[in-house]
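Asks: What follows is model.cif, made up of mmCIF, N, CA and C atoms:
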```cif
data_my_file
#
loop_
_atom_site.group_PDB
_atom_site.id
_atom_site.type_symbol
_atom_site.label_atom_id
_atom_site.label_comp_id
_atom_site.auth_asym_id
_atom_site.auth_seq_id
_atom_site.Cartn_x
_atom_site.Cartn_y
_atom_site.Cartn_z
ATOM 1 N N MET A 148 100.007 100.484 201.934
ATOM 2 C CA MET A 148 99.261 99.570 201.083
ATOM 3 C C MET A 148 98.170 100.322 200.295
ATOM 4 N N ALA A 149 97.442 101.222 200.945
ATOM 5 C CA ALA A 149 96.388 101.976 200.269
ATOM 6 C C ALA A 149 96.976 102.857 199.181
ATOM 7 N N ALA A 150 98.151 103.438 199.436
ATOM 8 C CA ALA A 150 98.804 104.273 198.416
ATOM 9 C C ALA A 150 99.210 103.418 197.224
ATOM 10 N N ASP A 151 99.708 102.205 197.491
ATOM 11 C CA ASP A 151 100.064 101.296 196.392
ATOM 12 C C ASP A 151 98.838 100.958 195.560
ATOM 13 N N LEU A 152 97.739 100.652 196.221
ATOM 14 C CA LEU A 152 96.515 100.294 195.493
ATOM 15 C C LEU A 152 96.009 101.458 194.651
ATOM 16 N N ALA A 153 96.091 102.658 195.175
ATOM 17 C CA ALA A 153 95.653 103.834 194.408
ATOM 18 C C ALA A 153 96.545 104.016 193.182
ATOM 19 N N ARG A 154 97.849 103.814 193.340
ATOM 20 C CA ARG A 154 98.778 103.918 192.203
ATOM 21 C C ARG A 154 98.493 102.810 191.191
ATOM 22 N N PHE A 155 98.279 101.587 191.672
ATOM 23 C CA PHE A 155 97.952 100.470 190.780
ATOM 24 C C PHE A 155 96.691 100.795 189.978
ATOM 25 N N GLU A 156 95.685 101.350 190.667
ATOM 26 C CA GLU A 156 94.422 101.680 190.014
ATOM 27 C C GLU A 156 94.641 102.697 188.889
ATOM 28 N N GLN A 157 95.414 103.727 189.165
ATOM 29 C CA GLN A 157 95.671 104.759 188.152
ATOM 30 C C GLN A 157 96.393 104.179 186.942
ATOM 31 N N LEU A 158 97.416 103.383 187.192
ATOM 32 C CA LEU A 158 98.184 102.804 186.085
ATOM 33 C C LEU A 158 97.345 101.822 185.273
ATOM 34 N N ALA A 159 96.590 100.972 185.966
ATOM 35 C CA ALA A 159 95.739 100.001 185.270
ATOM 36 C C ALA A 159 94.680 100.715 184.435
ATOM 37 N N ALA A 160 94.069 101.758 185.001
ATOM 38 C CA ALA A 160 93.053 102.518 184.256
ATOM 39 C C ALA A 160 93.667 103.137 183.007
ATOM 40 N N ARG A 161 94.892 103.617 183.105
ATOM 41 C CA ARG A 161 95.564 104.189 181.940
ATOM 42 C C ARG A 161 95.764 103.117 180.864
ATOM 43 N N HIS A 162 96.215 101.938 181.262
ATOM 44 C CA HIS A 162 96.433 100.857 180.286
ATOM 45 C C HIS A 162 95.131 100.437 179.610
ATOM 46 N N VAL A 163 94.079 100.283 180.404
ATOM 47 C CA VAL A 163 92.774 99.884 179.865
ATOM 48 C C VAL A 163 92.273 100.939 178.883
ATOM 49 N N ALA A 164 92.381 102.203 179.256
ATOM 50 C CA ALA A 164 91.913 103.289 178.384
ATOM 51 C C ALA A 164 92.722 103.353 177.090
ATOM 52 N N GLU A 165 94.036 103.164 177.181
ATOM 53 C CA GLU A 165 94.876 103.199 175.976
ATOM 54 C C GLU A 165 94.500 102.087 175.005
ATOM 55 N N VAL A 166 94.352 100.875 175.527
ATOM 56 C CA VAL A 166 94.004 99.745 174.661
ATOM 57 C C VAL A 166 92.605 99.923 174.075
ATOM 58 N N ALA A 167 91.684 100.406 174.891
ATOM 59 C CA ALA A 167 90.327 100.660 174.378
ATOM 60 C C ALA A 167 90.371 101.694 173.255
ATOM 61 N N ARG A 168 91.126 102.762 173.457
ATOM 62 C CA ARG A 168 91.195 103.853 172.473
ATOM 63 C C ARG A 168 91.974 103.433 171.221
ATOM 64 N N GLU A 169 93.106 102.745 171.400
ATOM 65 C CA GLU A 169 93.995 102.437 170.285
ATOM 66 C C GLU A 169 93.589 101.197 169.492
ATOM 67 N N LEU A 170 92.986 100.199 170.152
ATOM 68 C CA LEU A 170 92.712 98.925 169.476
ATOM 69 C C LEU A 170 91.244 98.530 169.424
ATOM 70 N N VAL A 171 90.541 98.674 170.539
ATOM 71 C CA VAL A 171 89.170 98.168 170.590
ATOM 72 C C VAL A 171 88.214 99.096 169.842
ATOM 73 N N ARG A 172 88.263 100.374 170.139
ATOM 74 C CA ARG A 172 87.333 101.308 169.492
ATOM 75 C C ARG A 172 87.510 101.363 167.975
ATOM 76 N N PRO A 173 88.738 101.452 167.452
ATOM 77 C CA PRO A 173 88.880 101.519 165.993
ATOM 78 C C PRO A 173 88.374 100.265 165.264
ATOM 79 N N SER A 174 88.401 99.119 165.931
ATOM 80 C CA SER A 174 87.959 97.887 165.263
ATOM 81 C C SER A 174 86.463 97.649 165.429
ATOM 82 N N PHE A 175 85.801 98.445 166.243
ATOM 83 C CA PHE A 175 84.369 98.273 166.502
ATOM 84 C C PHE A 175 83.548 98.589 165.261
ATOM 85 N N GLY A 176 82.683 97.656 164.915
ATOM 86 C CA GLY A 176 81.764 97.887 163.811
ATOM 87 C C GLY A 176 82.414 97.896 162.439
ATOM 88 N N GLY A 177 83.697 97.516 162.377
ATOM 89 C CA GLY A 177 84.402 97.480 161.100
ATOM 90 C C GLY A 177 84.196 96.154 160.407
ATOM 91 N N PRO A 178 85.042 95.874 159.435
ATOM 92 C CA PRO A 178 84.942 94.593 158.745
ATOM 93 C C PRO A 178 85.146 93.446 159.736
ATOM 94 N N LEU A 179 84.466 92.361 159.494
ATOM 95 C CA LEU A 179 84.588 91.211 160.391
ATOM 96 C C LEU A 179 86.020 90.696 160.387
ATOM 97 N N SER A 180 86.571 90.563 161.581
ATOM 98 C CA SER A 180 87.900 89.964 161.702
ATOM 99 C C SER A 180 87.722 88.450 161.795
ATOM 100 N N ASP A 181 88.827 87.736 161.678
ATOM 101 C CA ASP A 181 88.747 86.293 161.888
ATOM 102 C C ASP A 181 88.245 86.050 163.302
ATOM 103 N N HIS A 182 87.378 85.057 163.434
ATOM 104 C CA HIS A 182 86.815 84.772 164.739
ATOM 105 C C HIS A 182 86.444 83.310 164.837
ATOM 106 N N GLN A 183 86.300 82.854 166.089
ATOM 107 C CA GLN A 183 85.942 81.465 166.354
ATOM 108 C C GLN A 183 84.909 81.454 167.470
ATOM 109 N N TRP A 184 83.770 80.846 167.202
ATOM 110 C CA TRP A 184 82.727 80.736 168.220
ATOM 111 C C TRP A 184 83.074 79.591 169.156
ATOM 112 N N ASN A 185 83.151 79.877 170.466
ATOM 113 C CA ASN A 185 83.428 78.850 171.475
ATOM 114 C C ASN A 185 82.136 78.202 171.949
ATOM 115 N N SER A 186 81.048 78.917 171.828
ATOM 116 C CA SER A 186 79.711 78.410 172.137
ATOM 117 C C SER A 186 78.745 79.275 171.336
ATOM 118 N N HIS A 187 77.454 79.073 171.504
ATOM 119 C CA HIS A 187 76.498 79.874 170.735
ATOM 120 C C HIS A 187 76.455 81.330 171.204
ATOM 121 N N THR A 188 77.088 81.641 172.344
ATOM 122 C CA THR A 188 77.091 83.019 172.835
ATOM 123 C C THR A 188 78.486 83.599 173.027
ATOM 124 N N GLN A 189 79.529 82.790 172.903
ATOM 125 C CA GLN A 189 80.873 83.262 173.200
ATOM 126 C C GLN A 189 81.775 83.117 171.977
ATOM 127 N N VAL A 190 82.443 84.219 171.628
ATOM 128 C CA VAL A 190 83.291 84.245 170.450
ATOM 129 C C VAL A 190 84.657 84.810 170.827
ATOM 130 N N HIS A 191 85.686 84.321 170.147
ATOM 131 C CA HIS A 191 87.038 84.867 170.313
ATOM 132 C C HIS A 191 87.470 85.399 168.942
ATOM 133 N N THR A 192 87.928 86.652 168.916
ATOM 134 C CA THR A 192 88.269 87.298 167.654
ATOM 135 C C THR A 192 89.730 87.710 167.614
ATOM 136 N N GLU A 193 90.207 88.074 166.423
ATOM 137 C CA GLU A 193 91.552 88.644 166.287
ATOM 138 C C GLU A 193 91.666 89.922 167.106
ATOM 139 N N ASP A 194 90.583 90.681 167.172
ATOM 140 C CA ASP A 194 90.596 91.911 167.961
ATOM 141 C C ASP A 194 90.813 91.603 169.442
ATOM 142 N N ASP A 195 90.177 90.529 169.952
ATOM 143 C CA ASP A 195 90.420 90.082 171.330
ATOM 144 C C ASP A 195 91.898 89.764 171.526
ATOM 145 N N ALA A 196 92.463 89.009 170.580
ATOM 146 C CA ALA A 196 93.857 88.593 170.700
ATOM 147 C C ALA A 196 94.810 89.789 170.701
ATOM 148 N N ARG A 197 94.560 90.756 169.830
ATOM 149 C CA ARG A 197 95.407 91.963 169.794
ATOM 150 C C ARG A 197 95.299 92.757 171.092
ATOM 151 N N ALA A 198 94.081 92.937 171.575
ATOM 152 C CA ALA A 198 93.884 93.680 172.826
ATOM 153 C C ALA A 198 94.514 92.925 173.999
ATOM 154 N N ALA A 199 94.369 91.604 174.020
ATOM 155 C CA ALA A 199 94.964 90.801 175.090
ATOM 156 C C ALA A 199 96.481 90.930 175.096
ATOM 157 N N ALA A 200 97.096 90.853 173.919
ATOM 158 C CA ALA A 200 98.551 90.967 173.839
ATOM 159 C C ALA A 200 99.025 92.340 174.307
ATOM 160 N N ALA A 201 98.322 93.380 173.918
ATOM 161 C CA ALA A 201 98.699 94.741 174.330
ATOM 162 C C ALA A 201 98.551 94.912 175.842
ATOM 163 N N LEU A 202 97.469 94.401 176.401
ATOM 164 C CA LEU A 202 97.266 94.500 177.841
ATOM 165 C C LEU A 202 98.300 93.676 178.597
ATOM 166 N N ALA A 203 98.594 92.482 178.110
ATOM 167 C CA ALA A 203 99.604 91.635 178.762
ATOM 168 C C ALA A 203 100.956 92.331 178.789
ATOM 169 N N GLU A 204 101.326 92.928 177.676
ATOM 170 C CA GLU A 204 102.608 93.625 177.593
ATOM 171 C C GLU A 204 102.651 94.799 178.577
ATOM 172 N N ARG A 205 101.621 95.606 178.587
ATOM 173 C CA ARG A 205 101.588 96.785 179.463
ATOM 174 C C ARG A 205 101.575 96.398 180.944
ATOM 175 N N PHE A 206 100.709 95.435 181.307
ATOM 176 C CA PHE A 206 100.610 95.050 182.715
ATOM 177 C C PHE A 206 101.875 94.349 183.197
ATOM 178 N N ALA A 207 102.481 93.505 182.370
ATOM 179 C CA ALA A 207 103.714 92.820 182.782
ATOM 180 C C ALA A 207 104.847 93.815 183.001
ATOM 181 N N ALA A 208 104.935 94.829 182.144
ATOM 182 C CA ALA A 208 105.999 95.830 182.275
ATOM 183 C C ALA A 208 105.768 96.732 183.487
ATOM 184 N N THR A 209 104.529 97.085 183.749
ATOM 185 C CA THR A 209 104.206 98.018 184.827
ATOM 186 C C THR A 209 104.153 97.338 186.189
ATOM 187 N N PHE A 210 103.708 96.089 186.198
ATOM 188 C CA PHE A 210 103.514 95.373 187.454
ATOM 189 C C PHE A 210 104.326 94.070 187.468
ATOM 190 N N PRO A 211 105.658 94.167 187.444
ATOM 191 C CA PRO A 211 106.470 92.941 187.443
ATOM 192 C C PRO A 211 106.195 92.132 188.718
ATOM 193 N N GLY A 212 106.072 90.851 188.550
ATOM 194 C CA GLY A 212 105.798 89.980 189.689
ATOM 195 C C GLY A 212 104.327 89.733 189.945
ATOM 196 N N HIS A 213 103.460 90.525 189.328
ATOM 197 C CA HIS A 213 102.022 90.301 189.497
ATOM 198 C C HIS A 213 101.576 89.187 188.549
ATOM 199 N N GLY A 214 100.620 88.401 188.997
ATOM 200 C CA GLY A 214 100.030 87.396 188.135
ATOM 201 C C GLY A 214 99.081 88.044 187.147
ATOM 202 N N LEU A 215 98.917 87.382 186.003
ATOM 203 C CA LEU A 215 97.996 87.868 184.977
ATOM 204 C C LEU A 215 97.105 86.720 184.522
ATOM 205 N N VAL A 216 95.815 86.919 184.626
ATOM 206 C CA VAL A 216 94.844 85.975 184.083
ATOM 207 C C VAL A 216 94.037 86.765 183.068
ATOM 208 N N ILE A 217 94.327 86.507 181.794
ATOM 209 C CA ILE A 217 93.677 87.225 180.702
ATOM 210 C C ILE A 217 92.846 86.222 179.917
ATOM 211 N N GLU A 218 91.590 86.563 179.675
ATOM 212 C CA GLU A 218 90.680 85.644 178.989
ATOM 213 C C GLU A 218 91.299 85.120 177.698
ATOM 214 N N ASP A 219 91.207 83.811 177.504
ATOM 215 C CA ASP A 219 91.690 83.112 176.313
ATOM 216 C C ASP A 219 93.212 83.138 176.165
ATOM 217 N N CYS A 220 93.948 83.395 177.254
ATOM 218 C CA CYS A 220 95.409 83.373 177.242
ATOM 219 C C CYS A 220 95.908 82.466 178.364
ATOM 220 N N GLU A 221 97.148 82.024 178.220
ATOM 221 C CA GLU A 221 97.762 81.249 179.293
ATOM 222 C C GLU A 221 97.995 82.169 180.491
ATOM 223 N N PRO A 222 97.628 81.727 181.696
ATOM 224 C CA PRO A 222 97.869 82.560 182.871
ATOM 225 C C PRO A 222 99.369 82.725 183.136
ATOM 226 N N VAL A 223 99.720 83.853 183.725
ATOM 227 C CA VAL A 223 101.098 84.130 184.126
ATOM 228 C C VAL A 223 101.120 84.121 185.648
ATOM 229 N N ALA A 224 101.895 83.205 186.217
ATOM 230 C CA ALA A 224 101.998 83.122 187.677
ATOM 231 C C ALA A 224 102.733 84.353 188.192
ATOM 232 N N GLY A 225 102.336 84.795 189.341
ATOM 233 C CA GLY A 225 102.975 85.965 189.929
ATOM 234 C C GLY A 225 103.503 85.662 191.310
ATOM 235 N N ASP A 226 103.577 86.683 192.126
ATOM 236 C CA ASP A 226 104.130 86.581 193.464
ATOM 237 C C ASP A 226 103.179 85.927 194.461
ATOM 238 N N GLY A 227 101.971 85.606 194.031
ATOM 239 C CA GLY A 227 100.990 84.998 194.916
ATOM 240 C C GLY A 227 100.231 86.019 195.745
ATOM 241 N N VAL A 228 100.620 87.293 195.652
ATOM 242 C CA VAL A 228 99.953 88.349 196.401
ATOM 243 C C VAL A 228 99.012 89.131 195.499
ATOM 244 N N HIS A 229 99.478 89.442 194.283
ATOM 245 C CA HIS A 229 98.705 90.260 193.351
ATOM 246 C C HIS A 229 98.454 89.488 192.058
ATOM 247 N N THR A 230 97.201 89.424 191.663
ATOM 248 C CA THR A 230 96.838 88.809 190.385
ATOM 249 C C THR A 230 95.799 89.689 189.706
ATOM 250 N N TRP A 231 96.078 90.034 188.458
ATOM 251 C CA TRP A 231 95.146 90.827 187.646
ATOM 252 C C TRP A 231 94.251 89.892 186.851
ATOM 253 N N LEU A 232 92.957 90.156 186.845
ATOM 254 C CA LEU A 232 91.983 89.429 186.030
ATOM 255 C C LEU A 232 91.523 90.397 184.948
ATOM 256 N N ILE A 233 91.768 90.033 183.690
ATOM 257 C CA ILE A 233 91.561 90.971 182.585
ATOM 258 C C ILE A 233 90.710 90.323 181.495
ATOM 259 N N ASP A 234 89.737 91.074 181.016
ATOM 260 C CA ASP A 234 88.960 90.672 179.840
ATOM 261 C C ASP A 234 89.210 91.739 178.781
ATOM 262 N N PRO A 235 89.973 91.401 177.734
ATOM 263 C CA PRO A 235 90.361 92.411 176.745
ATOM 264 C C PRO A 235 89.185 93.032 175.999
ATOM 265 N N ILE A 236 88.166 92.246 175.690
ATOM 266 C CA ILE A 236 86.925 92.797 175.136
ATOM 267 C C ILE A 236 85.779 92.023 175.785
ATOM 268 N N ASP A 237 85.213 92.626 176.807
ATOM 269 C CA ASP A 237 84.063 92.026 177.480
ATOM 270 C C ASP A 237 82.848 92.380 176.641
ATOM 271 N N GLY A 238 82.287 91.369 176.007
ATOM 272 C CA GLY A 238 81.205 91.596 175.057
ATOM 273 C C GLY A 238 81.701 91.426 173.631
ATOM 274 N N SER A 239 82.558 90.426 173.427
ATOM 275 C CA SER A 239 83.153 90.203 172.097
ATOM 276 C C SER A 239 82.116 89.984 171.008
ATOM 277 N N ALA A 240 81.033 89.276 171.346
ATOM 278 C CA ALA A 240 79.993 89.030 170.333
ATOM 279 C C ALA A 240 79.346 90.348 169.918
ATOM 280 N N ASN A 241 79.117 91.235 170.881
ATOM 281 C CA ASN A 241 78.579 92.552 170.541
ATOM 282 C C ASN A 241 79.580 93.350 169.713
ATOM 283 N N HIS A 242 80.831 93.317 170.115
ATOM 284 C CA HIS A 242 81.889 94.036 169.391
ATOM 285 C C HIS A 242 81.944 93.563 167.942
ATOM 286 N N LEU A 243 81.903 92.262 167.743
ATOM 287 C CA LEU A 243 81.961 91.673 166.411
ATOM 288 C C LEU A 243 80.778 92.125 165.556
ATOM 289 N N ARG A 244 79.619 92.251 166.178
ATOM 290 C CA ARG A 244 78.390 92.606 165.461
ATOM 291 C C ARG A 244 78.137 94.113 165.375
ATOM 292 N N GLY A 245 78.986 94.917 166.039
ATOM 293 C CA GLY A 245 78.792 96.361 166.020
ATOM 294 C C GLY A 245 77.723 96.842 166.975
ATOM 295 N N ILE A 246 77.451 96.078 168.027
ATOM 296 C CA ILE A 246 76.479 96.471 169.061
ATOM 297 C C ILE A 246 77.252 97.181 170.159
ATOM 298 N N PRO A 247 76.896 98.416 170.489
ATOM 299 C CA PRO A 247 77.732 99.250 171.367
ATOM 300 C C PRO A 247 77.617 98.957 172.866
ATOM 301 N N TYR A 248 77.698 97.712 173.237
ATOM 302 C CA TYR A 248 77.707 97.326 174.654
ATOM 303 C C TYR A 248 78.901 96.414 174.882
ATOM 304 N N VAL A 249 80.068 97.022 175.032
ATOM 305 C CA VAL A 249 81.309 96.301 175.264
ATOM 306 C C VAL A 249 82.152 97.091 176.268
ATOM 307 N N SER A 250 83.128 96.421 176.849
ATOM 308 C CA SER A 250 84.061 97.109 177.739
ATOM 309 C C SER A 250 85.387 96.376 177.747
ATOM 310 N N VAL A 251 86.404 97.054 178.218
ATOM 311 C CA VAL A 251 87.700 96.459 178.510
ATOM 312 C C VAL A 251 87.786 96.481 180.028
ATOM 313 N N THR A 252 87.979 95.309 180.655
ATOM 314 C CA THR A 252 87.924 95.247 182.106
ATOM 315 C C THR A 252 89.207 94.677 182.686
ATOM 316 N N ALA A 253 89.570 95.194 183.851
ATOM 317 C CA ALA A 253 90.719 94.684 184.600
ATOM 318 C C ALA A 253 90.427 94.855 186.084
ATOM 319 N N GLY A 254 90.721 93.845 186.850
ATOM 320 C CA GLY A 254 90.541 93.914 188.302
ATOM 321 C C GLY A 254 91.708 93.238 188.993
ATOM 322 N N LEU A 255 92.050 93.748 190.146
ATOM 323 C CA LEU A 255 93.162 93.198 190.919
ATOM 324 C C LEU A 255 92.614 92.371 192.051
#
```
Give the structure from this file in structure tokens form.
Replies:
Amino acid sequence: MAADLARFEQLAARHVAEVARELVRPSFGGPLSDHQWNSHTQVHTEDDARAAAALAERFAATFPGHGLVIEDCEPVAGDGVHTWLIDPIDGSANHLRGIPYVSVTAGL
């Protein structure tokens, strides 16, 4: 079990880093993408949607049978043993405004 968790951690970290490097970082501080404010502090952007789709694709392919709960997406039921909780851009309002306090997060 510990070996599986270590492997899961390595693969998940690779996916998070790839999406951060390929999608989140290049869109940071750029032209405003389409966005929708859900509250006075919470926003959902096209960049969130792109990062979420990329993470969903990578995690579903790498971890078949695992559940996926990705912010602002429909949850994917899994085997009931493993569920990933993912925020494609944690700090979307900062990302949208070009404030350098954001992250891509995933936890099992």
Asks: Between atom N of Gln189 (chain A) and atom N of Arg161 (chain A), what is the spacing in Å?
Replies: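 Spanning atom N of Arg161 (chain A) to atom N of Gln189 (chain A) is a straight-line distance of 27.8 Å.
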Asks: Quick one: apply the PyMOL selection byres ((chain A and resi 232) around 6) to the file and drop the selected residues here as a list in words.
Replies: Leu215, Val216, Ile217, Thr230, Trp231, Ile233, Asp234, Thr252, Ala253, Gly254 and Leu255 of chain A
Asks: Atom C of Ile236 (chain A) to atom N of Val223 (chain A): how many Å, to one decimal?
Replies: 18.0 Å
Asks: For region 207-216 of chain A, what centre and edge lengths in Å (one decimal) does the axis-aligned box get once 3 Å is added on each side of all its listed atoms, as lines of an AutoDock Vina configuration file?
Replies:
```
center_x = 100.3
center_y = 92.0
center_z = 186.0
size_x = 18.4
size_y = 18.0
size_z = 13.8
```
Asks: What does the distance from CA of Ser239 (chain A) to CA of Asp195 (chain A) come to in Å, to one decimal?
Replies: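 Value for the CA of Ser239 (chain A)-CA of Asp195 (chain A) distance: 7.3 Å.
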Asks: Using the chain letters and numbers from this document, which residues of region 177-250 of chain A does DSSP assign to strand (DSSP E), as an MDAnalysis selection string?
Replies: chainID A and resid 182:184 190:192 214:217 230:237 250
Asks: Using the chain letters and numbering of this document, enumerate as a VMD selection string the residues selected by the PyMOL selection byres ((chain A and resi 176) around 6.5).
Replies: chain A and resid 173 to 175 177 to 178 242 to 246
Asks: Quick one: everything within 8 Å of Leu202 (chain A), counting only N, CA and C atoms, minus sequence neighbours fewer than 4 positions away in the same chain. Send it as a PyMOL selection string.
Replies: chain A and resi 162-163+166+196-198+206-208+235
Asks: Restricting it to N, CA and C atoms, dump the selection as an mmCIF file, keeping the file's coordinate frame.
Replies:
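Printed below is again-v7.cif as written:
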```
data_model
loop_
_atom_site.group_PDB
_atom_site.id
_atom_site.type_symbol
_atom_site.label_atom_id
_atom_site.label_comp_id
_atom_site.auth_asym_id
_atom_site.auth_seq_id
_atom_site.Cartn_x
_atom_site.Cartn_y
_atom_site.Cartn_z
ATOM 1 N N HIS A 162 96.215 101.938 181.262
ATOM 2 C CA HIS A 162 96.433 100.857 180.286
ATOM 3 C C HIS A 162 95.131 100.437 179.610
ATOM 4 N N VAL A 163 94.079 100.283 180.404
ATOM 5 C CA VAL A 163 92.774 99.884 179.865
ATOM 6 C C VAL A 163 92.273 100.939 178.883
ATOM 7 N N VAL A 166 94.352 100.875 175.527
ATOM 8 C CA VAL A 166 94.004 99.745 174.661
ATOM 9 C C VAL A 166 92.605 99.923 174.075
ATOM 10 N N ALA A 196 92.463 89.009 170.580
ATOM 11 C CA ALA A 196 93.857 88.593 170.700
ATOM 12 C C ALA A 196 94.810 89.789 170.701
ATOM 13 N N ARG A 197 94.560 90.756 169.830
ATOM 14 C CA ARG A 197 95.407 91.963 169.794
ATOM 15 C C ARG A 197 95.299 92.757 171.092
ATOM 16 N N ALA A 198 94.081 92.937 171.575
ATOM 17 C CA ALA A 198 93.884 93.680 172.826
ATOM 18 C C ALA A 198 94.514 92.925 173.999
ATOM 19 N N PHE A 206 100.709 95.435 181.307
ATOM 20 C CA PHE A 206 100.610 95.050 182.715
ATOM 21 C C PHE A 206 101.875 94.349 183.197
ATOM 22 N N ALA A 207 102.481 93.505 182.370
ATOM 23 C CA ALA A 207 103.714 92.820 182.782
ATOM 24 C C ALA A 207 104.847 93.815 183.001
ATOM 25 N N ALA A 208 104.935 94.829 182.144
ATOM 26 C CA ALA A 208 105.999 95.830 182.275
ATOM 27 C C ALA A 208 105.768 96.732 183.487
ATOM 28 N N PRO A 235 89.973 91.401 177.734
ATOM 29 C CA PRO A 235 90.361 92.411 176.745
ATOM 30 C C PRO A 235 89.185 93.032 175.999
#
```
Asks: Would you pick out the contacts of His229 (chain A) at 6 Å or less, using only N, CA and C atoms, so that residues sharing its chain but fewer than 2 positions from it are not included, and give the list as a list of chain:residue names?
Replies: A:His213, A:Gly214, A:Asp226, A:Gly227, A:Trp231
Asks: Assign secondary structure with DSSP using the backbone only, and return the residues of chain A in helix (DSSP H, G or I) as a VMD selection string.
Replies: chain A and resid 149 to 174 193 to 209 239 to 244
